[in-house]
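Below is one structure; the comments refer to it alone.
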There are 2 protein chains.
Amino acid sequence: MTSPAAAVGAIVEAAGPRVPELLGEVEERLAELARGHGPVLAEHAGATIAAGGKRLRPLLVLLAAGPPADDADDVVRAAVAVELVHSATLVHDDVLDAADLRRGRPTVWASAGRDMAIAVGDLLFSRAFAELALTGSLDAIRSLSRASTALAEGELRQREDAWDPGVSVARYLERCELKTAALFEAACELGAQHGTPGAARALGAFGRGIGLAFQLLDDVLDVSGPPERTGKPRGTDLLDGTVTLPLILARERDPALRELDLRAIDGPAAAAEVCDRVAATGALQEARRRALALVADAKTALPRDALAAGQLAALELVADSVVDRYS
Amino acid sequence: MTSPAAAVGAIVEAAGPRVPELLGEVEERLAELARGHGPVLAEHAGATIAAGGKRLRPLLVLLAAGPPADDADDVVRAAVAVELVHSATLVHDDVLDAADLRRGRPTVWASAGRDMAIAVGDLLFSRAFAELALTGSLDAIRSLSRASTALAEGELRQREDAWDPGVSVARYLERCELKTAALFEAACELGAQHGTPGAARALGAFGRGIGLAFQLLDDVLDVSGPPERTGKPRGTDLLDGTVTLPLILARERDPALRELDLRAIDGPAAAAEVCDRVAATGALQEARRRALALVADAKTALPRDALAAGQLAALELVADSVVDRYS
């Protein structure tokens with residue numbers, strides 16, 4: 001397995017020296033926005049943004065934009081806007097999940113309470129649109145508002161389907177499209193908006209594909225663990241009633257699992273046991289196989305002719321990094 | 001006192017028959033959006049939107065736009081977007097306040113739980129920007145994102161200042177600008193955006209003024225009651241640590257109130273007693289006087305030359321209705 005840091009390093013190498021420079025500008029702008037709303041927000045939004053992880057979505061914006069031209073400022077703003085929407089979602093998700101830690105740091109929910117977390121999320125969200133409006137691109141606003149609508153709809157869908165083990169694969173995939181793939185798609189569209197419409201569409205589809213794979217593999221990881229790598233016990237999805245692909249596939253393979261009452265899973269030990277039963281059906285391999293196929297399709301669909309050589313290589317490496325994280 | 005319904009009737013009469021027609025289109029579009037995201041959202045978003053009250057903000061958009069021209073569809077979309085942001089805020093506020101009822105109906109928080117309420121708020125919020133993007137106006141997006149940033153910042157400010165009786169009048173007014181006046185201002189700006197920049201600015205200032213007055217009077221009402229009119233016990237702000245103008249002014253007038261420990265107010269009876277002490281200082285009259293002055297200033301600042309006669313009369317009536325509600 002390649003470490004995430006090494007993977008990002010290789011991506012940056014392929015894409016050329018301007019990418020780390022622009023990523024640095026994204027970080028600076030995010031920090032500036034976090035500071036710009038008084039000390040309370042600075043603390044909590046700053047912590048959220050700092051805990052944001054690998055900056056995969058801003059990276060997609062920059063890579064989809066290709067070799068930087070005159071509009072580098074707008075590309076940075078678009079990358080910032082996408083990351084702000086992502087951060088807003090994380091803050092609200094942590095409230096929904098009553099999560100204490102995210103990437104080893106206390107969540108806003110844990111450190112400042114529910115009220116602050118809701119308000120911080122709303123603020124980050126609003127700032128995203130304010131930031132994007134600075135680019136003067138209505139297409140960009142449309143892309144991002146479509147994605148953020150999808151995110152919220154996916155969250156609702158997840159609550160709606162909670163505790164229902166009869167959720168179909170199709171419905172599960174639809175939820176993943178809403179919850180995860182839509183923002184990856186928007187990131188690529190925002191980056192590509194100054195290219196041809198055909199290339200922008202193709203890059204959007206690439207983003208959607210790897211976003212979907214990202215979510216599938218995340219759901220596999222929740223079942224497979226190991227906890228020392230994921231930082232959380234196995235089966236947390238089961239415990240909050242979220243039915244994901246591994247369980248759906250396992251139920252098709254093991255009739256006994258169809259009798260399972262999700263609400264009867266009463267703690268981490270019982271959840272881990274169900275995870276073992278799911279794994280025993282081969283459902284994890286099947287889910288992983290589907291995710292890999294999505295990534296392969298996404299790479300194939302990249303508009304090669306419209307991309308610079310380094311840009312193509314970097315985008316393929318991003319796609320691989322989604323898989324590598326889990327291999 | 002004029003009843004709110006009668007006041008709205010007079011406004012509509014002054015503004016001409018197209019205004020009720022367009023308000024009807026706003027309602028239809030809001031209902032359509034509520035239905036467009038599956039049955040769960042339809043139920044909860046529908047209830048929120050239906051409970052939205054007097055549609056003061058959409059009315060301001062329509063009135064600021066003046067006699068409808070070719071762009072009536074865009075004006076309706078802008079009115080819808082403003083109301084969606086307002087509704088999103090209400091849903092999240094009800095989570096923050098753990099409020100069971102809003103305008104006599106169960107809140108989303110009460111009927112569907114915290115998680116659903118956060119997601120519904122996020123969705124309404126995203127839809128607002130999607131709706132506004134359909135108008136093709138970047139200025140409109142900028143106005144609304146500025147206002148929704150302000151709303152969230154105001155909410156944060158309120159949490160930040162909670163339980164601090166030493167909050168200054170200036171800081172209190174700043175919070176009201178963020179929490180309330182900014183969206184009234186945006187409503188007027190969005191309506192006026194096809195007029196001259198000068199008229200749009202003047203109408204924005206009018207909106208800000210009456211929005212500020214609206215919040216001041218709301219805060220007076222929390223102290224004055226009576227509960228049978230406000231639908232809530234007196235002193236709810238005191239109980240959640242929100243320091244408003246009546247208390248700030250009363251502390252200047254009554255040294256004994258300066259010793260008051262807000263956290264020692266342990267229930268509605270104690271809160272009502274503090275309300276009586278605040279009222280006894282004359283602080284309510286002073287706060288009301290300030291609000292009336294704001295409304296008078298707002299009316300004076302209306303760009304008379306740029307407005308149709310009915311439009312001017314209707315906007316003045318809206319300003320009066322903010323006051324009438326409390327007289």
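In the structure tokens, chains take letters A, B, ... by order of appearance, with residues numbered from 1 within each chain and ligands from 1 in the order shown.
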Mobile chain A fitted to chain B over all in-order Cα pairs, reported as a short mmCIF file (atom, residue, chain, number, x, y, z; two decimals) with C-alpha atoms, in the first residue's frame:
data_model
loop_
_atom_site.label_atom_id
_atom_site.label_comp_id
_atom_site.auth_asym_id
_atom_site.auth_seq_id
_atom_site.Cartn_x
_atom_site.Cartn_y
_atom_site.Cartn_z
CA MET A 1 -53.45 48.27 16.63
CA THR A 2 -53.87 47.11 13.05
CA SER A 3 -53.95 43.34 12.69
CA PRO A 4 -51.09 41.91 10.61
CA ALA A 5 -53.55 40.52 8.07
CA ALA A 6 -55.21 43.91 7.64
CA ALA A 7 -51.81 45.55 7.29
CA VAL A 8 -50.79 43.13 4.55
CA GLY A 9 -54.13 43.69 2.88
CA ALA A 10 -53.54 47.44 2.78
CA ILE A 11 -50.02 46.93 1.42
CA VAL A 12 -51.26 44.70 -1.33
CA GLU A 13 -53.99 47.18 -2.17
CA ALA A 14 -51.45 49.98 -2.50
CA ALA A 15 -49.08 47.91 -4.59
CA GLY A 16 -51.68 46.74 -7.09
CA PRO A 17 -53.16 43.40 -8.11
CA ARG A 18 -49.95 41.90 -9.48
CA VAL A 19 -48.40 41.66 -6.01
CA PRO A 20 -50.85 39.10 -4.61
CA GLU A 21 -50.55 37.21 -7.88
CA LEU A 22 -46.74 37.10 -7.59
CA LEU A 23 -46.95 36.22 -3.91
CA GLY A 24 -49.12 33.32 -4.99
CA GLU A 25 -46.41 32.26 -7.43
CA VAL A 26 -43.87 32.45 -4.60
CA GLU A 27 -46.05 30.13 -2.52
CA GLU A 28 -46.46 27.72 -5.38
CA ARG A 29 -42.76 27.60 -6.09
CA LEU A 30 -41.96 27.09 -2.40
CA ALA A 31 -44.44 24.22 -2.23
CA GLU A 32 -43.01 22.75 -5.44
CA LEU A 33 -39.48 22.83 -4.01
CA ALA A 34 -40.68 21.25 -0.79
CA ARG A 35 -42.23 18.41 -2.79
CA GLY A 36 -39.23 17.96 -5.09
CA HIS A 37 -36.94 16.09 -2.72
CA GLY A 38 -38.91 13.04 -1.74
CA PRO A 39 -41.67 12.44 0.77
CA VAL A 40 -39.61 12.98 3.93
CA LEU A 41 -38.45 16.42 2.96
CA ALA A 42 -41.87 17.20 1.55
CA GLU A 43 -43.37 16.63 4.97
CA HIS A 44 -40.85 18.53 7.07
CA ALA A 45 -39.80 21.25 4.69
CA GLY A 46 -43.43 21.68 3.71
CA ALA A 47 -44.40 22.17 7.33
CA THR A 48 -41.56 24.65 7.90
CA ILE A 49 -42.34 26.63 4.81
CA ALA A 50 -46.05 26.60 5.56
CA ALA A 51 -45.29 27.86 9.07
CA GLY A 52 -43.21 30.68 7.63
CA GLY A 53 -45.61 33.39 8.63
CA LYS A 54 -46.29 36.65 6.91
CA ARG A 55 -43.82 36.34 4.03
CA LEU A 56 -42.50 39.78 4.91
CA ARG A 57 -39.17 39.16 3.18
CA PRO A 58 -40.59 37.93 -0.15
CA LEU A 59 -43.03 40.84 0.00
CA LEU A 60 -40.08 43.22 0.33
CA VAL A 61 -38.44 41.64 -2.72
CA LEU A 62 -41.61 42.09 -4.78
CA LEU A 63 -42.24 45.64 -3.59
CA ALA A 64 -38.62 46.73 -4.08
CA ALA A 65 -38.84 45.38 -7.62
CA GLY A 66 -41.74 47.69 -8.36
CA PRO A 67 -44.33 47.25 -11.09
CA PRO A 68 -43.58 43.86 -12.65
CA ALA A 69 -41.87 43.85 -16.00
CA ASP A 70 -40.46 41.07 -18.17
CA ASP A 71 -38.32 39.76 -15.37
CA ALA A 72 -41.22 38.83 -13.07
CA ASP A 73 -40.01 35.22 -13.01
CA ASP A 74 -36.63 36.28 -11.72
CA VAL A 75 -38.22 38.48 -9.08
CA VAL A 76 -40.31 35.53 -7.91
CA ARG A 77 -37.18 33.33 -7.81
CA ALA A 78 -35.35 35.94 -5.75
CA ALA A 79 -38.30 36.15 -3.35
CA VAL A 80 -38.32 32.37 -3.06
CA ALA A 81 -34.56 32.29 -2.41
CA VAL A 82 -34.82 34.84 0.40
CA GLU A 83 -37.66 32.94 2.03
CA LEU A 84 -35.72 29.67 1.72
CA VAL A 85 -32.74 31.16 3.56
CA HIS A 86 -35.13 32.50 6.20
CA SER A 87 -36.79 29.07 6.54
CA ALA A 88 -33.42 27.33 6.77
CA THR A 89 -32.47 29.67 9.59
CA LEU A 90 -35.73 28.99 11.41
CA VAL A 91 -35.21 25.24 11.23
CA HIS A 92 -31.68 25.53 12.61
CA ASP A 93 -32.73 28.09 15.23
CA ASP A 94 -35.38 25.71 16.48
CA VAL A 95 -32.67 23.10 16.99
CA LEU A 96 -30.52 25.62 18.85
CA ASP A 97 -33.44 26.67 21.01
CA ALA A 98 -34.89 23.16 21.36
CA ALA A 99 -38.18 24.80 20.36
CA ASP A 100 -41.29 22.62 20.24
CA LEU A 101 -43.59 25.00 18.46
CA ARG A 102 -43.31 27.72 15.87
CA ARG A 103 -46.46 29.65 15.08
CA GLY A 104 -48.44 26.96 16.82
CA ARG A 105 -47.11 24.08 14.72
CA PRO A 106 -44.57 21.48 15.82
CA THR A 107 -41.06 22.38 14.65
CA VAL A 108 -39.03 19.96 12.50
CA TRP A 109 -36.82 19.53 15.53
CA ALA A 110 -39.82 18.42 17.60
CA SER A 111 -41.50 16.24 15.00
CA ALA A 112 -38.52 14.63 13.27
CA GLY A 113 -35.57 15.16 15.57
CA ARG A 114 -32.37 17.10 15.55
CA ASP A 115 -30.69 15.20 12.72
CA MET A 116 -33.53 15.70 10.31
CA ALA A 117 -33.78 19.36 11.25
CA ILE A 118 -30.11 20.01 10.55
CA ALA A 119 -30.33 18.24 7.19
CA VAL A 120 -33.59 19.98 6.24
CA GLY A 121 -32.05 23.36 7.07
CA ASP A 122 -28.97 22.57 4.97
CA LEU A 123 -31.14 21.51 2.08
CA LEU A 124 -33.34 24.61 2.16
CA PHE A 125 -30.23 26.70 2.30
CA SER A 126 -28.64 24.99 -0.70
CA ARG A 127 -31.87 25.25 -2.66
CA ALA A 128 -31.90 28.99 -2.04
CA PHE A 129 -28.65 29.42 -3.94
CA ALA A 130 -29.70 26.98 -6.64
CA GLU A 131 -32.92 28.96 -7.10
CA LEU A 132 -31.12 32.28 -7.27
CA ALA A 133 -28.54 30.93 -9.72
CA LEU A 134 -31.48 30.39 -12.11
CA THR A 135 -31.92 34.15 -12.33
CA GLY A 136 -28.45 34.49 -13.80
CA SER A 137 -27.57 37.39 -11.54
CA LEU A 138 -24.23 37.31 -9.77
CA ASP A 139 -25.12 40.47 -7.87
CA ALA A 140 -28.07 38.62 -6.45
CA ILE A 141 -25.88 35.68 -5.38
CA ARG A 142 -23.45 38.09 -3.76
CA SER A 143 -26.24 39.85 -1.85
CA LEU A 144 -27.74 36.63 -0.59
CA SER A 145 -24.45 34.97 0.36
CA ARG A 146 -23.45 38.14 2.21
CA ALA A 147 -26.75 38.03 4.10
CA SER A 148 -26.57 34.34 4.91
CA THR A 149 -22.99 34.74 6.10
CA ALA A 150 -24.22 37.56 8.31
CA LEU A 151 -27.06 35.42 9.68
CA ALA A 152 -24.68 32.67 10.74
CA GLU A 153 -22.23 35.20 12.12
CA GLY A 154 -25.03 36.82 14.12
CA GLU A 155 -25.99 33.45 15.52
CA LEU A 156 -22.37 32.84 16.55
CA ARG A 157 -22.20 36.33 18.05
CA GLN A 158 -25.28 35.59 20.10
CA ARG A 159 -23.71 32.40 21.48
CA GLU A 160 -20.46 34.27 22.10
CA ASP A 161 -22.16 37.03 24.06
CA ALA A 162 -24.53 34.73 25.91
CA TRP A 163 -24.76 35.29 29.67
CA ASP A 164 -22.68 38.47 29.47
CA PRO A 165 -24.82 41.29 30.87
CA GLY A 166 -22.07 43.81 30.06
CA VAL A 167 -22.77 43.68 26.29
CA SER A 168 -22.80 47.26 24.95
CA VAL A 169 -25.61 48.84 22.93
CA ALA A 170 -23.27 49.06 19.96
CA ARG A 171 -22.43 45.38 20.12
CA TYR A 172 -26.09 44.49 20.54
CA LEU A 173 -27.03 46.54 17.48
CA GLU A 174 -24.26 44.93 15.47
CA ARG A 175 -25.65 41.52 16.35
CA CYS A 176 -29.14 42.60 15.24
CA GLU A 177 -27.70 43.88 11.97
CA LEU A 178 -26.16 40.46 11.37
CA LYS A 179 -29.01 38.31 12.64
CA THR A 180 -31.96 40.14 11.15
CA ALA A 181 -31.29 43.35 9.26
CA ALA A 182 -28.91 41.80 6.70
CA LEU A 183 -31.60 39.55 5.20
CA PHE A 184 -34.14 42.39 5.04
CA GLU A 185 -31.48 44.45 3.28
CA ALA A 186 -30.73 41.63 0.85
CA ALA A 187 -34.45 41.21 0.13
CA CYS A 188 -34.70 44.85 -0.93
CA GLU A 189 -31.44 44.73 -2.90
CA LEU A 190 -32.53 41.59 -4.73
CA GLY A 191 -35.81 43.20 -5.65
CA ALA A 192 -34.19 46.44 -6.74
CA GLN A 193 -31.32 45.02 -8.72
CA HIS A 194 -32.70 45.99 -12.09
CA GLY A 195 -33.16 49.60 -11.04
CA THR A 196 -30.38 52.19 -10.76
CA PRO A 197 -27.53 51.34 -8.36
CA GLY A 198 -28.44 54.40 -6.29
CA ALA A 199 -32.05 53.30 -5.87
CA ALA A 200 -30.94 49.74 -5.05
CA ARG A 201 -28.60 51.04 -2.34
CA ALA A 202 -31.30 53.28 -0.91
CA LEU A 203 -33.81 50.44 -0.86
CA GLY A 204 -31.21 48.19 0.77
CA ALA A 205 -30.72 50.78 3.49
CA PHE A 206 -34.51 50.97 3.95
CA GLY A 207 -34.60 47.19 4.38
CA ARG A 208 -31.74 47.29 6.86
CA GLY A 209 -33.49 49.96 8.92
CA ILE A 210 -36.81 48.21 9.20
CA GLY A 211 -35.05 44.87 9.81
CA LEU A 212 -33.19 46.38 12.71
CA ALA A 213 -36.41 47.88 14.09
CA PHE A 214 -38.10 44.50 13.66
CA GLN A 215 -35.47 42.83 15.85
CA LEU A 216 -35.53 45.58 18.49
CA LEU A 217 -39.29 45.33 18.77
CA ASP A 218 -39.11 41.54 18.90
CA ASP A 219 -36.76 41.87 21.85
CA VAL A 220 -39.08 44.38 23.54
CA LEU A 221 -41.95 41.95 23.11
CA ASP A 222 -39.99 39.21 24.84
CA VAL A 223 -39.91 41.39 27.95
CA SER A 224 -43.31 43.07 27.70
CA GLY A 225 -45.40 40.14 26.58
CA PRO A 226 -48.23 39.58 27.10
CA PRO A 227 -47.77 35.82 26.60
CA GLU A 228 -51.27 35.44 25.18
CA ARG A 229 -50.19 37.67 22.29
CA THR A 230 -46.62 36.48 21.81
CA GLY A 231 -47.39 32.81 22.32
CA LYS A 232 -44.45 32.34 24.70
CA PRO A 233 -43.70 33.18 28.32
CA ARG A 234 -42.01 36.50 29.05
CA GLY A 235 -38.23 36.49 29.47
CA THR A 236 -37.29 33.52 27.26
CA ASP A 237 -34.26 35.52 26.09
CA LEU A 238 -33.16 35.94 29.70
CA LEU A 239 -33.49 32.22 30.30
CA ASP A 240 -31.19 31.32 27.43
CA GLY A 241 -28.70 34.05 28.32
CA THR A 242 -29.47 36.35 25.39
CA VAL A 243 -28.89 39.93 26.52
CA THR A 244 -31.03 42.38 24.55
CA LEU A 245 -31.58 46.13 24.42
CA PRO A 246 -34.20 46.34 27.19
CA LEU A 247 -31.87 44.77 29.74
CA ILE A 248 -28.86 46.75 28.52
CA LEU A 249 -30.77 50.04 28.89
CA ALA A 250 -32.33 48.99 32.19
CA ARG A 251 -28.91 48.26 33.66
CA GLU A 252 -27.87 51.83 32.85
CA ARG A 253 -30.91 53.11 34.70
CA ASP A 254 -31.13 50.80 37.69
CA PRO A 255 -27.84 50.06 39.48
CA ALA A 256 -29.42 47.10 41.29
CA LEU A 257 -29.91 45.37 37.92
CA ARG A 258 -26.17 45.57 37.34
CA GLU A 259 -25.73 43.05 40.16
CA LEU A 260 -28.07 40.58 38.48
CA ASP A 261 -26.55 37.18 37.76
CA LEU A 262 -28.29 35.92 34.62
CA ARG A 263 -27.49 32.31 35.42
CA ALA A 264 -29.35 32.65 38.69
CA ILE A 265 -32.66 33.20 36.83
CA ASP A 266 -33.93 29.71 37.30
CA GLY A 267 -37.30 29.56 35.59
CA PRO A 268 -40.18 31.43 33.96
CA ALA A 269 -41.39 32.97 37.23
CA ALA A 270 -37.97 34.43 38.05
CA ALA A 271 -37.63 35.58 34.44
CA ALA A 272 -41.00 37.32 34.55
CA GLU A 273 -39.92 39.10 37.72
CA VAL A 274 -36.76 40.39 36.03
CA CYS A 275 -38.91 41.50 33.10
CA ASP A 276 -40.99 43.58 35.52
CA ARG A 277 -37.87 45.16 36.94
CA VAL A 278 -36.61 45.97 33.45
CA ALA A 279 -39.97 47.45 32.48
CA ALA A 280 -40.05 49.56 35.65
CA THR A 281 -36.93 51.45 34.51
CA GLY A 282 -38.64 52.75 31.38
CA ALA A 283 -36.21 50.78 29.22
CA LEU A 284 -39.00 49.32 27.10
CA GLN A 285 -40.26 52.75 26.07
CA GLU A 286 -36.74 53.80 25.25
CA ALA A 287 -36.11 50.67 23.14
CA ARG A 288 -39.45 51.17 21.39
CA ARG A 289 -38.62 54.81 20.78
CA ARG A 290 -35.35 53.81 19.12
CA ALA A 291 -37.12 51.28 16.92
CA LEU A 292 -39.70 53.87 15.84
CA ALA A 293 -36.91 56.30 15.00
CA LEU A 294 -35.26 53.64 12.85
CA VAL A 295 -38.51 53.07 10.98
CA ALA A 296 -39.05 56.81 10.49
CA ASP A 297 -35.48 57.18 9.17
CA ALA A 298 -35.97 54.22 6.86
CA LYS A 299 -39.12 55.77 5.40
CA THR A 300 -37.39 59.11 4.93
CA ALA A 301 -34.52 57.44 3.12
CA LEU A 302 -36.78 55.79 0.52
CA PRO A 303 -35.74 56.95 -2.98
CA ARG A 304 -39.06 58.64 -3.73
CA ASP A 305 -38.17 59.76 -7.24
CA ALA A 306 -37.22 56.25 -8.28
CA LEU A 307 -40.43 54.65 -7.04
CA ALA A 308 -43.90 54.33 -8.51
CA ALA A 309 -46.59 55.92 -6.34
CA GLY A 310 -48.18 52.64 -5.27
CA GLN A 311 -44.77 51.12 -4.67
CA LEU A 312 -43.77 53.95 -2.33
CA ALA A 313 -47.03 53.75 -0.43
CA ALA A 314 -46.74 49.98 -0.11
CA LEU A 315 -43.16 50.14 1.18
CA GLU A 316 -44.18 52.75 3.76
CA LEU A 317 -47.02 50.51 4.85
CA VAL A 318 -44.60 47.60 5.27
CA ALA A 319 -42.46 49.81 7.48
CA ASP A 320 -45.54 50.76 9.51
CA SER A 321 -46.59 47.12 9.80
CA VAL A 322 -43.32 46.34 11.56
CA VAL A 323 -44.28 48.88 14.20
CA ASP A 324 -48.00 48.15 14.27
CA ARG A 325 -47.35 44.57 15.20
CA TYR A 326 -46.10 45.85 18.52
CA SER A 327 -48.14 48.94 19.27
#
So that I can check the secondary structure, give me every residue of region 23-155 of chain A assigned strand (DSSP E or B) by backbone DSSP, as a list in words.
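DSSP-assigned strand (DSSP E or B) residues in region 23-155 of chain A: Leu101, Arg102, Arg105 and Pro106 of chain A.
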Take the residues from that selection and write them out as a PDB file, in the first residue's frame, keeping C-alpha atoms.
ATOM      1  CA  LEU A 101     -13.055  13.163  17.285  1.00  0.00           C
ATOM      2  CA  ARG A 102     -12.295  13.744  13.640  1.00  0.00           C
ATOM      3  CA  ARG A 105      -8.853  16.240  16.944  1.00  0.00           C
ATOM      4  CA  PRO A 106     -11.921  17.178  18.982  1.00  0.00           C
TER       5      PRO A 106
END
Members of region 98-313 of chain A assigned alpha helix (DSSP H) by DSSP, as number ranges by chain:
A: 108-133, 138-161, 169-176, 182-192, 197-224, 227-230, 236-239, 245-253, 255-258, 268-280, 283-300, 309-313
